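Printed here is coords04.txt (compact mmCIF, C-alpha atoms (C1' of nucleotides)):
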```
# COMPACT_ATOMS: atom_id res chain seq x y z
CA MET A 1087 0.00 0.00 0.00
CA SER A 1088 1.28 3.41 -0.88
CA LYS A 1089 1.56 6.02 1.76
CA VAL A 1090 -1.29 7.96 0.19
CA ALA A 1091 -3.54 4.97 0.10
CA ALA A 1092 -2.69 4.16 3.68
CA GLU A 1093 -3.64 7.62 4.84
CA GLN A 1094 -6.79 7.94 2.81
CA PRO A 1095 -9.04 6.36 5.38
CA SER A 1096 -7.90 8.83 7.99
CA TRP A 1097 -8.47 11.69 5.56
CA ARG A 1098 -11.99 10.55 5.17
CA GLU A 1099 -12.40 10.15 8.85
CA ALA A 1100 -11.04 13.62 9.41
CA ARG A 1101 -13.37 15.10 6.82
CA ARG A 1102 -16.28 13.26 8.34
CA ALA A 1103 -15.36 14.41 11.82
CA ALA A 1104 -15.05 17.98 10.54
CA ALA A 1105 -18.48 17.81 8.96
CA ARG A 1106 -19.93 16.44 12.18
CA GLN A 1107 -18.27 19.24 14.10
CA THR A 1108 -19.77 21.80 11.75
CA ILE A 1109 -23.21 20.41 12.46
CA ILE A 1110 -22.57 20.40 16.20
CA GLU A 1111 -21.47 24.00 16.13
CA ALA A 1112 -24.48 25.01 14.08
CA ALA A 1113 -26.63 23.27 16.66
CA TRP A 1114 -25.03 25.19 19.53
CA SER A 1115 -25.51 28.39 17.61
CA LEU A 1116 -29.15 27.57 16.96
CA VAL A 1117 -30.05 26.65 20.53
CA GLY A 1118 -28.18 29.71 21.70
CA ASP A 1119 -30.52 31.86 19.63
CA GLU A 1120 -33.78 29.94 19.87
CA GLY A 1121 -33.45 27.63 22.84
CA PHE A 1122 -33.88 23.87 22.71
CA GLY A 1123 -37.47 24.28 21.63
CA GLY A 1124 -36.18 25.82 18.42
CA LEU A 1125 -33.85 22.99 17.56
CA ALA A 1126 -35.57 21.62 14.47
CA MET A 1127 -33.75 19.53 11.91
CA ARG A 1128 -34.84 21.86 9.10
CA ASP A 1129 -33.48 24.93 10.80
CA LEU A 1130 -30.34 23.14 11.88
CA ALA A 1131 -29.71 22.00 8.32
CA ARG A 1132 -30.16 25.52 6.98
CA ARG A 1133 -27.79 26.95 9.55
CA ALA A 1134 -25.22 24.24 8.79
CA GLY A 1135 -25.50 25.03 5.08
CA VAL A 1136 -26.95 21.66 4.03
CA THR A 1137 -30.34 20.02 3.65
CA PRO A 1138 -32.06 17.87 6.26
CA PRO A 1139 -31.21 14.49 4.69
CA THR A 1140 -27.53 15.37 4.84
CA LEU A 1141 -27.74 15.59 8.62
CA TYR A 1142 -28.77 11.96 8.63
CA ALA A 1143 -25.62 11.06 6.74
CA TYR A 1144 -23.69 12.10 9.85
CA PHE A 1145 -26.06 11.41 12.70
CA ASP A 1146 -28.65 8.70 13.10
CA SER A 1147 -31.19 10.99 14.70
CA LYS A 1148 -31.76 14.26 16.44
CA HIS A 1149 -31.06 12.53 19.74
CA ALA A 1150 -27.68 11.45 18.41
CA ILE A 1151 -26.85 15.09 17.73
CA LEU A 1152 -27.89 16.07 21.23
CA ASP A 1153 -25.83 13.24 22.63
CA ALA A 1154 -22.76 14.44 20.74
CA MET A 1155 -23.37 17.96 22.05
CA PHE A 1156 -23.67 16.60 25.57
CA ALA A 1157 -20.44 14.64 25.26
CA GLN A 1158 -18.60 17.61 23.79
CA GLY A 1159 -19.82 19.79 26.65
CA GLN A 1160 -18.52 17.34 29.22
CA LEU A 1161 -15.15 17.18 27.47
CA GLU A 1162 -15.01 20.99 27.29
CA PHE A 1163 -15.60 21.19 31.00
CA ALA A 1164 -12.87 18.68 31.75
CA ALA A 1165 -10.43 20.60 29.55
CA ARG A 1166 -11.35 23.95 31.02
CA ARG A 1167 -10.93 22.76 34.57
CA SER A 1168 -7.61 20.99 34.04
CA SER A 1169 -6.08 23.95 32.23
CA GLY A 1170 -4.64 26.30 34.83
CA ARG A 1171 -5.37 24.07 37.77
CA PRO A 1172 -3.23 25.03 40.79
CA ASP A 1173 -1.00 22.62 42.68
CA GLU A 1174 -2.24 23.07 46.22
CA PRO A 1175 -5.39 21.16 47.13
CA MET A 1176 -7.00 24.15 48.83
CA ALA A 1177 -6.33 26.44 45.91
CA THR A 1178 -7.58 23.71 43.62
CA LEU A 1179 -10.91 23.58 45.42
CA ARG A 1180 -11.37 27.30 44.86
CA TRP A 1181 -10.35 26.84 41.25
CA PHE A 1182 -12.85 24.02 40.81
CA ALA A 1183 -15.68 26.05 42.26
CA GLU A 1184 -14.92 29.15 40.21
CA THR A 1185 -14.38 27.15 37.05
CA PHE A 1186 -17.63 25.24 37.36
CA VAL A 1187 -19.64 28.35 38.05
CA SER A 1188 -18.14 30.39 35.23
CA PHE A 1189 -18.33 27.47 32.82
CA CYS A 1190 -22.03 27.04 33.51
CA THR A 1191 -23.08 30.67 33.59
CA GLU A 1192 -21.19 31.78 30.52
CA ASN A 1193 -23.32 29.50 28.36
CA PRO A 1194 -26.79 28.83 29.77
CA VAL A 1195 -27.93 26.46 27.04
CA ARG A 1196 -24.84 24.33 27.51
CA TYR A 1197 -25.56 24.28 31.22
CA GLN A 1198 -29.13 23.22 30.54
CA LEU A 1199 -28.10 20.36 28.30
CA LEU A 1200 -25.43 19.12 30.70
CA TYR A 1201 -27.28 19.46 33.98
CA GLN A 1202 -30.98 19.64 33.23
CA ARG A 1203 -33.36 17.90 30.82
CA PRO A 1204 -34.29 20.64 28.36
CA VAL A 1205 -35.42 18.28 25.61
CA PRO A 1206 -38.36 16.06 26.55
CA GLY A 1207 -37.54 12.49 25.67
CA PHE A 1208 -33.80 12.91 25.37
CA VAL A 1209 -31.48 11.25 27.84
CA PRO A 1210 -27.73 11.05 27.31
CA SER A 1211 -26.31 7.70 26.28
CA ASP A 1212 -24.45 5.61 28.81
CA ALA A 1213 -21.15 6.52 27.16
CA SER A 1214 -21.85 10.23 27.40
CA TYR A 1215 -23.17 9.94 30.90
CA ALA A 1216 -19.97 8.19 31.88
CA LEU A 1217 -18.09 11.35 30.90
CA ALA A 1218 -20.25 13.28 33.34
CA ALA A 1219 -19.58 10.82 36.13
CA ARG A 1220 -15.89 10.90 35.35
CA ASN A 1221 -15.88 14.68 35.73
CA LEU A 1222 -16.82 14.29 39.36
CA GLU A 1223 -13.73 12.32 40.26
CA PRO A 1224 -11.13 15.12 40.45
CA THR A 1225 -13.40 16.97 42.87
CA ARG A 1226 -13.85 13.87 44.96
CA ARG A 1227 -10.11 13.30 45.17
CA CYS A 1228 -9.34 16.93 45.91
CA LEU A 1229 -11.85 17.07 48.73
CA ALA A 1230 -10.38 13.88 50.13
CA ALA A 1231 -6.92 15.47 49.94
CA VAL A 1232 -7.99 18.12 52.44
CA GLY A 1233 -9.66 15.60 54.72
CA LEU A 1234 -13.19 15.72 53.36
CA ALA A 1235 -13.50 12.15 52.17
CA GLU A 1236 -17.09 11.36 53.03
CA GLU A 1237 -20.00 11.21 50.62
CA ALA A 1238 -21.69 13.99 52.56
CA HIS A 1239 -18.81 16.35 51.90
CA LEU A 1240 -19.02 15.84 48.16
CA ASP A 1241 -22.80 16.01 48.08
CA VAL A 1242 -22.97 19.31 49.95
CA TRP A 1243 -20.18 20.62 47.72
CA THR A 1244 -22.08 19.83 44.53
CA ALA A 1245 -25.32 21.21 45.95
CA LEU A 1246 -23.63 24.52 46.75
CA TRP A 1247 -22.45 25.23 43.23
CA ALA A 1248 -25.48 23.76 41.56
CA GLY A 1249 -27.55 26.21 43.56
CA VAL A 1250 -25.46 29.25 42.77
CA VAL A 1251 -25.52 28.43 39.07
CA ALA A 1252 -29.21 27.58 38.97
CA GLN A 1253 -30.21 30.81 40.66
CA GLN A 1254 -27.94 32.94 38.51
CA ILE A 1255 -29.16 31.47 35.25
CA ALA A 1256 -32.83 31.31 36.20
CA ASN A 1257 -33.13 34.79 37.63
CA GLU A 1258 -30.42 36.93 36.10
CA PRO A 1259 -28.75 35.29 33.12
CA GLY A 1260 -25.60 37.12 32.17
CA GLY A 1261 -25.29 38.83 35.55
CA THR A 1262 -23.24 38.22 38.68
CA ARG A 1263 -25.80 38.62 41.45
CA TRP A 1264 -25.24 35.06 42.64
CA THR A 1265 -21.88 34.15 41.19
CA ARG A 1266 -20.21 37.00 43.07
CA HIS A 1267 -20.74 35.01 46.26
CA VAL A 1268 -18.66 32.03 45.22
CA ASP A 1269 -15.79 33.02 47.49
CA THR A 1270 -18.09 33.63 50.42
CA VAL A 1271 -19.87 30.33 49.98
CA LEU A 1272 -16.58 28.52 49.70
CA ASP A 1273 -15.39 30.08 52.95
CA MET A 1274 -18.65 29.09 54.54
CA TYR A 1275 -18.19 25.51 53.45
CA LEU A 1276 -14.54 25.23 54.46
CA ASP A 1277 -15.04 26.96 57.79
CA HIS A 1278 -17.80 24.57 58.62
CA TYR A 1279 -16.07 21.32 57.74
CA LEU A 1280 -12.43 22.17 58.45
CA LYS A 1281 -12.94 24.14 61.66
CA PRO A 1282 -15.78 22.19 63.20
CA THR A 1283 -17.60 24.06 65.95
CA LYS A 1284 -20.42 22.66 68.01
CA ARG A 1285 -23.62 22.22 66.08
CA ARG A 1286 -26.66 24.30 66.80
CA ARG A 1287 -29.92 22.87 68.03
CA MET B 373 -84.99 38.90 41.55
CA SER B 374 -85.65 35.69 43.39
CA LYS B 375 -83.01 34.24 45.65
CA VAL B 376 -82.46 31.38 43.27
CA ALA B 377 -82.00 33.66 40.32
CA ALA B 378 -79.60 35.82 42.29
CA GLU B 379 -77.43 32.87 43.19
CA GLN B 380 -77.44 31.24 39.81
CA PRO B 381 -74.43 33.13 38.49
CA SER B 382 -72.31 31.95 41.40
CA TRP B 383 -73.52 28.42 40.87
CA ARG B 384 -72.31 28.61 37.34
CA GLU B 385 -69.06 30.12 38.40
CA ALA B 386 -68.58 27.38 40.96
CA ARG B 387 -69.33 24.69 38.40
CA ARG B 388 -66.98 26.31 35.97
CA ALA B 389 -64.25 26.55 38.58
CA ALA B 390 -64.77 22.92 39.48
CA ALA B 391 -64.47 21.87 35.85
CA ARG B 392 -61.30 23.88 35.49
CA GLN B 393 -59.92 22.26 38.61
CA THR B 394 -60.71 18.83 37.22
CA ILE B 395 -58.69 19.66 34.13
CA ILE B 396 -55.81 21.01 36.20
CA GLU B 397 -55.71 17.86 38.28
CA ALA B 398 -55.78 15.68 35.21
CA ALA B 399 -52.86 17.69 33.87
CA TRP B 400 -50.84 17.16 37.04
CA SER B 401 -51.63 13.49 36.87
CA LEU B 402 -50.57 13.31 33.25
CA VAL B 403 -47.27 15.14 33.65
CA GLY B 404 -46.58 13.06 36.73
CA ASP B 405 -46.80 9.94 34.59
CA GLU B 406 -45.40 11.15 31.29
CA GLY B 407 -43.46 14.33 32.04
CA PHE B 408 -44.10 17.67 30.40
CA GLY B 409 -43.19 16.23 27.04
CA GLY B 410 -46.25 14.02 27.32
CA LEU B 411 -48.68 16.83 28.03
CA ALA B 412 -50.73 16.78 24.84
CA MET B 413 -54.20 18.24 24.64
CA ARG B 414 -55.60 14.98 23.29
CA ASP B 415 -54.21 12.94 26.14
CA LEU B 416 -55.16 15.54 28.69
CA ALA B 417 -58.72 15.57 27.40
CA ARG B 418 -58.95 11.80 27.62
CA ARG B 419 -57.64 11.78 31.17
CA ALA B 420 -60.05 14.55 32.15
CA GLY B 421 -62.94 12.56 30.66
CA VAL B 422 -63.78 15.02 27.90
CA THR B 423 -62.81 15.74 24.31
CA PRO B 424 -60.18 18.26 23.20
CA PRO B 425 -62.58 21.06 22.20
CA THR B 426 -64.06 21.02 25.68
CA LEU B 427 -60.69 21.97 27.11
CA TYR B 428 -60.86 25.13 25.06
CA ALA B 429 -64.19 26.01 26.67
CA TYR B 430 -62.28 26.39 29.93
CA PHE B 431 -58.82 27.49 28.87
CA ASP B 432 -57.76 29.62 25.93
CA SER B 433 -54.71 27.53 25.18
CA LYS B 434 -52.30 24.95 26.48
CA HIS B 435 -50.18 27.74 27.89
CA ALA B 436 -53.16 28.99 29.86
CA ILE B 437 -53.44 25.55 31.47
CA LEU B 438 -49.76 25.57 32.34
CA ASP B 439 -50.13 29.05 33.75
CA ALA B 440 -52.99 27.94 35.98
CA MET B 441 -50.89 24.99 37.15
CA PHE B 442 -48.02 27.31 37.91
CA ALA B 443 -50.25 29.68 39.90
CA GLN B 444 -51.79 26.81 41.81
CA GLY B 445 -48.35 25.49 42.68
CA GLN B 446 -47.26 28.84 44.03
CA LEU B 447 -50.41 29.08 46.14
CA GLU B 448 -49.88 25.54 47.41
CA PHE B 449 -46.40 26.43 48.51
CA ALA B 450 -47.58 29.55 50.32
CA ALA B 451 -50.25 27.54 52.12
CA ARG B 452 -47.88 24.75 53.03
CA ARG B 453 -45.29 27.07 54.45
CA SER B 454 -47.69 29.21 56.49
CA SER B 455 -49.39 26.19 58.04
CA GLY B 456 -47.42 25.15 61.08
CA ARG B 457 -44.98 28.02 60.93
CA PRO B 458 -43.24 28.54 64.29
CA ASP B 459 -43.18 31.82 66.17
CA GLU B 460 -39.47 32.32 66.71
CA PRO B 461 -37.53 33.74 63.74
CA MET B 462 -34.72 31.23 64.04
CA ALA B 463 -37.08 28.29 64.19
CA THR B 464 -38.98 29.80 61.29
CA LEU B 465 -35.86 29.84 59.15
CA ARG B 466 -35.39 26.14 59.74
CA TRP B 467 -39.05 25.58 59.00
CA PHE B 468 -38.78 27.55 55.76
CA ALA B 469 -35.77 25.57 54.60
CA GLU B 470 -37.28 22.20 55.44
CA THR B 471 -40.64 23.12 53.97
CA PHE B 472 -39.19 24.36 50.70
CA VAL B 473 -37.01 21.29 50.27
CA SER B 474 -39.74 18.78 51.07
CA PHE B 475 -42.29 20.66 48.97
CA CYS B 476 -40.01 20.53 45.95
CA THR B 477 -38.71 17.00 46.28
CA GLU B 478 -42.05 15.37 47.01
CA ASN B 479 -43.30 16.35 43.55
CA PRO B 480 -40.55 16.74 40.96
CA VAL B 481 -42.77 17.84 38.10
CA ARG B 482 -44.29 20.56 40.23
CA TYR B 483 -40.80 21.67 41.11
CA GLN B 484 -39.85 21.73 37.45
CA LEU B 485 -42.81 23.86 36.47
CA LEU B 486 -42.31 26.31 39.33
CA TYR B 487 -38.55 26.68 39.22
CA GLN B 488 -37.37 25.57 35.82
CA ARG B 489 -38.62 25.95 32.26
CA PRO B 490 -39.68 22.41 31.34
CA VAL B 491 -41.94 23.48 28.45
CA PRO B 492 -40.14 25.28 25.63
CA GLY B 493 -41.99 28.44 24.79
CA PHE B 494 -43.99 28.68 27.99
CA VAL B 495 -43.34 31.48 30.46
CA PRO B 496 -45.68 32.22 33.37
CA SER B 497 -47.90 35.27 33.05
CA ASP B 498 -47.05 38.40 34.99
CA ALA B 499 -49.87 37.67 37.41
CA SER B 500 -48.60 34.17 38.13
CA TYR B 501 -45.04 35.31 38.35
CA ALA B 502 -46.11 37.89 40.92
CA LEU B 503 -47.22 35.01 43.14
CA ALA B 504 -43.71 33.60 42.93
CA ALA B 505 -42.12 36.92 43.82
CA ARG B 506 -44.57 37.31 46.68
CA ASN B 507 -43.52 33.94 48.08
CA LEU B 508 -40.03 35.29 48.62
CA GLU B 509 -41.14 38.03 50.97
CA PRO B 510 -41.67 36.00 54.17
CA THR B 511 -38.16 34.63 53.82
CA ARG B 512 -36.77 38.10 53.26
CA ARG B 513 -38.50 39.43 56.35
CA CYS B 514 -37.52 36.47 58.49
CA LEU B 515 -33.87 36.77 57.55
CA ALA B 516 -34.01 40.47 58.32
CA ALA B 517 -35.51 39.64 61.71
CA VAL B 518 -32.35 37.78 62.67
CA GLY B 519 -30.11 40.52 61.35
CA LEU B 520 -29.55 39.26 57.81
CA ALA B 521 -31.13 42.11 55.89
CA GLU B 522 -28.83 42.40 52.92
CA GLU B 523 -29.52 41.16 49.43
CA ALA B 524 -26.49 38.89 49.68
CA HIS B 525 -27.97 37.07 52.65
CA LEU B 526 -31.17 36.28 50.79
CA ASP B 527 -29.37 35.34 47.59
CA VAL B 528 -27.06 32.87 49.28
CA TRP B 529 -30.03 31.47 51.18
CA THR B 530 -31.99 30.79 48.02
CA ALA B 531 -28.96 29.32 46.27
CA LEU B 532 -28.41 26.87 49.13
CA TRP B 533 -31.85 25.30 48.95
CA ALA B 534 -32.11 25.52 45.20
CA GLY B 535 -28.92 23.48 45.05
CA VAL B 536 -30.00 20.83 47.50
CA VAL B 537 -33.29 20.37 45.69
CA ALA B 538 -31.77 20.39 42.21
CA GLN B 539 -29.22 17.74 43.09
CA GLN B 540 -31.73 15.54 44.86
CA ILE B 541 -34.22 15.59 42.02
CA ALA B 542 -31.68 15.32 39.23
CA ASN B 543 -29.61 12.51 40.68
CA GLU B 544 -31.79 10.58 43.08
CA PRO B 545 -35.48 11.46 42.76
CA GLY B 546 -37.44 10.08 45.68
CA GLY B 547 -34.36 9.66 47.85
CA THR B 548 -32.79 11.64 50.67
CA ARG B 549 -29.11 11.67 49.76
CA TRP B 550 -29.06 15.48 49.55
CA THR B 551 -32.11 16.51 51.54
CA ARG B 552 -30.72 14.83 54.63
CA HIS B 553 -28.15 17.60 54.83
CA VAL B 554 -30.63 20.44 55.20
CA ASP B 555 -29.87 20.83 58.90
CA THR B 556 -26.14 20.78 58.30
CA VAL B 557 -26.32 23.33 55.53
CA LEU B 558 -28.50 25.56 57.63
CA ASP B 559 -26.00 25.42 60.48
CA MET B 560 -23.25 26.20 58.02
CA TYR B 561 -25.12 29.25 56.81
CA LEU B 562 -26.07 30.57 60.23
CA ASP B 563 -22.63 29.96 61.72
CA HIS B 564 -21.07 31.90 58.91
CA TYR B 565 -23.30 34.95 58.98
CA LEU B 566 -24.26 35.13 62.64
CA LYS B 567 -20.89 34.29 64.15
CA PRO B 568 -18.57 36.03 61.72
CA THR B 569 -14.99 34.85 61.88
CA LYS B 570 -12.16 36.24 59.87
CA ARG B 571 -12.37 35.41 56.20
CA ARG B 572 -9.94 33.11 54.52
CA ARG B 573 -7.64 34.33 51.76
C1' DG C 495 -22.78 12.52 0.05
C1' DT C 496 -26.05 15.65 -1.34
C1' DC C 497 -29.92 16.91 -3.34
C1' DT C 498 -35.55 17.16 -4.42
C1' DA C 499 -39.55 15.45 -3.02
C1' DT C 500 -42.23 13.29 0.16
C1' DA C 501 -43.78 9.90 3.65
C1' DT C 502 -45.62 9.69 8.15
C1' DG C 503 -46.86 11.15 12.43
C1' DT C 504 -48.33 14.46 15.92
C1' DG C 505 -49.04 18.71 17.78
C1' DG C 506 -52.48 22.71 19.00
C1' DA C 507 -56.56 24.56 17.80
C1' DT C 508 -61.24 25.16 15.41
C1' DA C 509 -65.99 24.63 12.57
C1' DG C 510 -70.30 23.56 13.09
C1' DA C 511 -74.07 20.28 14.58
C1' DC C 512 -76.64 19.29 18.67
C1' DG D 1452 -70.91 23.13 26.75
C1' DT D 1453 -69.94 19.08 24.46
C1' DC D 1454 -69.51 16.47 20.77
C1' DT D 1455 -67.66 14.63 15.71
C1' DA D 1456 -64.77 15.67 12.33
C1' DT D 1457 -61.09 18.05 10.69
C1' DC D 1458 -57.82 21.77 9.58
C1' DC D 1459 -53.22 23.20 9.35
C1' DA D 1460 -48.57 23.84 10.75
C1' DC D 1461 -44.64 21.56 11.66
C1' DA D 1462 -41.89 17.73 13.40
C1' DT D 1463 -38.53 13.72 12.30
C1' DA D 1464 -37.13 10.84 9.01
C1' DT D 1465 -36.68 8.50 4.39
C1' DA D 1466 -36.84 7.21 -1.01
C1' DG D 1467 -34.58 7.61 -4.86
C1' DA D 1468 -32.21 10.45 -8.51
C1' DC D 1469 -27.70 12.41 -9.34
```
The structure given in the file should be rewritten as structure tokens.
Amino acid sequence: MSKVAAEQPSWREARRAAARQTIIEAAWSLVGDEGFGGLAMRDLARRAGVTPPTLYAYFDSKHAILDAMFAQGQLEFAARRSSGRPDEPMATLRWFAETFVSFCTENPVRYQLLYQRPVPGFVPSDASYALAARNLEPTRRCLAAVGLAEEAHLDVWTALWAGVVAQQIANEPGGTRWTRHVDTVLDMYLDHYLKPTKRRR
Amino acid sequence: MSKVAAEQPSWREARRAAARQTIIEAAWSLVGDEGFGGLAMRDLARRAGVTPPTLYAYFDSKHAILDAMFAQGQLEFAARRSSGRPDEPMATLRWFAETFVSFCTENPVRYQLLYQRPVPGFVPSDASYALAARNLEPTRRCLAAVGLAEEAHLDVWTALWAGVVAQQIANEPGGTRWTRHVDTVLDMYLDHYLKPTKRRR
DNA sequence: GTCTATATGTGGATAGAC
DNA sequence: GTCTATCCACATATAGAC
């Protein structure tokens, strides 16, 4: 086999992957403008510069497109969080909190797809959902590194940031009314669990 | 005018209100089984024991039905929270937190309609949304009564319980993995704001 | 792979008889 | 007010030519 022939399959794969990525990006653009209720295959095709049947040459269904978007979002989050991560565990916790909150609030529709169920009937595939579960592990290990190794510690941690993000996006998308309290909430959390005082009541 | 004739209009109003309530209850039943994606006028009519056109004799549109459900949910929450409310402000705060969390988690679809946007294209009317805003006032006043009168205090408060509820419903509907930490989170919050220690960082 | 044309289903909402 | 029958817009998805 010549070198060209040997590489041809990967060329095709690359072209195919590029075409898929074009569709994904058109889909993000569309839901950004119209919301998930406006994600129709016709409109998506138009925005991607093709016709509806062409979409089905790259994805089996609309759900498959949503699943690819979900997976890409999870990978984006993993990349964002690992890039610039500090060395110290305590600084890393702050970094994790800030990164999650800014990642979610800077793109509400991405947040909705990753952490809510904005499309009735769509649930991520097991493979994509595994990416989501995997994204919890660094937080779990980092909390354990500062002595917070119990399930309760992680659960309260996730609830804190889920709440900040949910309130910000639901009540003041694009603003900072809730996100500005990330540092305060983090102090609250760390003070409570790392400097235990007697419980009330 | 005879007494009967004078009362007839209210009879009709009562019958009409009862019919509307029947439809609303059928709608809650339907979304409980099928989710908001399964709320179709045909199916709703069947469950309410009528035909689709009859629904339009009582509601102008599907959105009007959703709006009535939203308003009813807000009123239910107000009633739930005021019934059994303690006298002391501190006990009331605990009551408010527990009531909100149990109210939301005991009925996930109600929670979704009241605090998320599960139906693309539907937004509550101004009148219904005013009920939601009104439901925030008792919390605001109660926090102020214990010395937490700033916007930040209320915003962090709402984020805390929004997060607990969101995590519980999204990851373990029907369970208590997150809701069991309501007391802990409340202590965390009160310890931070009522016994201020020096901030980290 | 991409197109034109269309199948097929379902949604909300309505006309008009009773 | 309630029904039967239906309209009409729009959705996902596919057949078949090129």
Kindly assemble as a Markdown table a list of the chain B residues that lie within 12 Å of chain C, each paired with its nearest atom pair and their distance in Å to one decimal, using only C-alpha atoms (C1' of nucleotides), sorted first by chain and then by ascending residue number.
```
| residue | atom | partner | partner_atom | distance |
| --- | --- | --- | --- | --- |
| B:Gly409 | CA | C:DG505 | C1' | 11.2 |
| B:Gly410 | CA | C:DG505 | C1' | 11.0 |
| B:Leu411 | CA | C:DG505 | C1' | 10.4 |
| B:Ala412 | CA | C:DG505 | C1' | 7.5 |
| B:Met413 | CA | C:DG506 | C1' | 7.4 |
| B:Arg414 | CA | C:DG505 | C1' | 9.3 |
| B:Asp415 | CA | C:DG505 | C1' | 11.4 |
| B:Pro424 | CA | C:DA507 | C1' | 9.1 |
| B:Pro425 | CA | C:DT508 | C1' | 8.0 |
| B:Thr426 | CA | C:DT508 | C1' | 11.4 |
| B:Leu427 | CA | C:DA507 | C1' | 10.5 |
| B:Tyr428 | CA | C:DA507 | C1' | 8.5 |
| B:Ala429 | CA | C:DT508 | C1' | 11.7 |
| B:Phe431 | CA | C:DA507 | C1' | 11.7 |
| B:Asp432 | CA | C:DA507 | C1' | 9.7 |
| B:Ser433 | CA | C:DG506 | C1' | 8.1 |
| B:Lys434 | CA | C:DG506 | C1' | 7.8 |
| B:His435 | CA | C:DG506 | C1' | 10.5 |
```
Kindly assemble as JSON lines a list of the chain B residues that lie within 6 Å of chain A, each paired with its nearest atom pair and their distance in Å to one decimal, using only C-alpha atoms, sorted first by chain and then by ascending residue number.
```
{"residue": "B:Gly409", "atom": "CA", "partner": "A:Pro1206", "partner_atom": "CA", "distance": 4.9}
{"residue": "B:Pro492", "atom": "CA", "partner": "A:Gly1123", "partner_atom": "CA", "distance": 4.9}
{"residue": "B:Ala531", "atom": "CA", "partner": "A:Gly1249", "partner_atom": "CA", "distance": 4.4}
{"residue": "B:Leu532", "atom": "CA", "partner": "A:Gly1249", "partner_atom": "CA", "distance": 5.7}
{"residue": "B:Ala534", "atom": "CA", "partner": "A:Gly1249", "partner_atom": "CA", "distance": 4.9}
{"residue": "B:Gly535", "atom": "CA", "partner": "A:Gly1249", "partner_atom": "CA", "distance": 3.4}
{"residue": "B:Val536", "atom": "CA", "partner": "A:Ala1245", "partner_atom": "CA", "distance": 4.9}
{"residue": "B:Gln539", "atom": "CA", "partner": "A:Ala1245", "partner_atom": "CA", "distance": 6.0}
{"residue": "B:Met560", "atom": "CA", "partner": "A:His1278", "partner_atom": "CA", "distance": 5.7}
{"residue": "B:His564", "atom": "CA", "partner": "A:Met1274", "partner_atom": "CA", "distance": 5.7}
```
Could those residues be written to a file, using C-alpha atoms, as an mmCIF file, keeping the file's coordinate frame?
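As a result, selection_0.cif now contains:
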```
data_model
loop_
_atom_site.group_PDB
_atom_site.id
_atom_site.type_symbol
_atom_site.label_atom_id
_atom_site.label_comp_id
_atom_site.auth_asym_id
_atom_site.auth_seq_id
_atom_site.Cartn_x
_atom_site.Cartn_y
_atom_site.Cartn_z
ATOM 1 C CA GLY B 409 -43.190 16.230 27.040
ATOM 2 C CA PRO B 492 -40.140 25.280 25.630
ATOM 3 C CA ALA B 531 -28.960 29.320 46.270
ATOM 4 C CA LEU B 532 -28.410 26.870 49.130
ATOM 5 C CA ALA B 534 -32.110 25.520 45.200
ATOM 6 C CA GLY B 535 -28.920 23.480 45.050
ATOM 7 C CA VAL B 536 -30.000 20.830 47.500
ATOM 8 C CA GLN B 539 -29.220 17.740 43.090
ATOM 9 C CA MET B 560 -23.250 26.200 58.020
ATOM 10 C CA HIS B 564 -21.070 31.900 58.910
#
```
For a test of reading the model, state the distance in Å between CA of Arg418 in chain B and CA of Ile541 in chain B, rounded to one decimal.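 Separation of CA of Arg418 in chain B and CA of Ile541 in chain B: 28.9 Å.
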Quick check: residues of chain D within 12 Å of chain A, all atoms listed in the file, returned as a PyMOL selection string. chain D and resi 1461-1466
Find the residue from A:Phe1182, A:Trp1097, A:Tyr1144, A:Phe1208 that sits nearest to Ala1164 in chain A; use only C-alpha atoms when measuring.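 That would be A:Phe1182, the residue with the smallest distance to Ala1164 in chain A.
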Within 9 Å of range 1222-1233 of chain A using only C-alpha atoms (C1' of nucleotides), minus same-chain residues under 3 positions, as a PyMOL selection string: chain A and resi 1175-1176+1178-1179+1182+1218-1219+1236-1237+1239-1240+1280
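Here CA of Arg506 in chain B and CA of Phe475 in chain B stand 17.0 Å from one another.
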In Å, how far is it from CA of Asp498 in chain B to CA of Gly456 in chain B?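 Separation between CA of Asp498 in chain B and CA of Gly456 in chain B: 29.3 Å.
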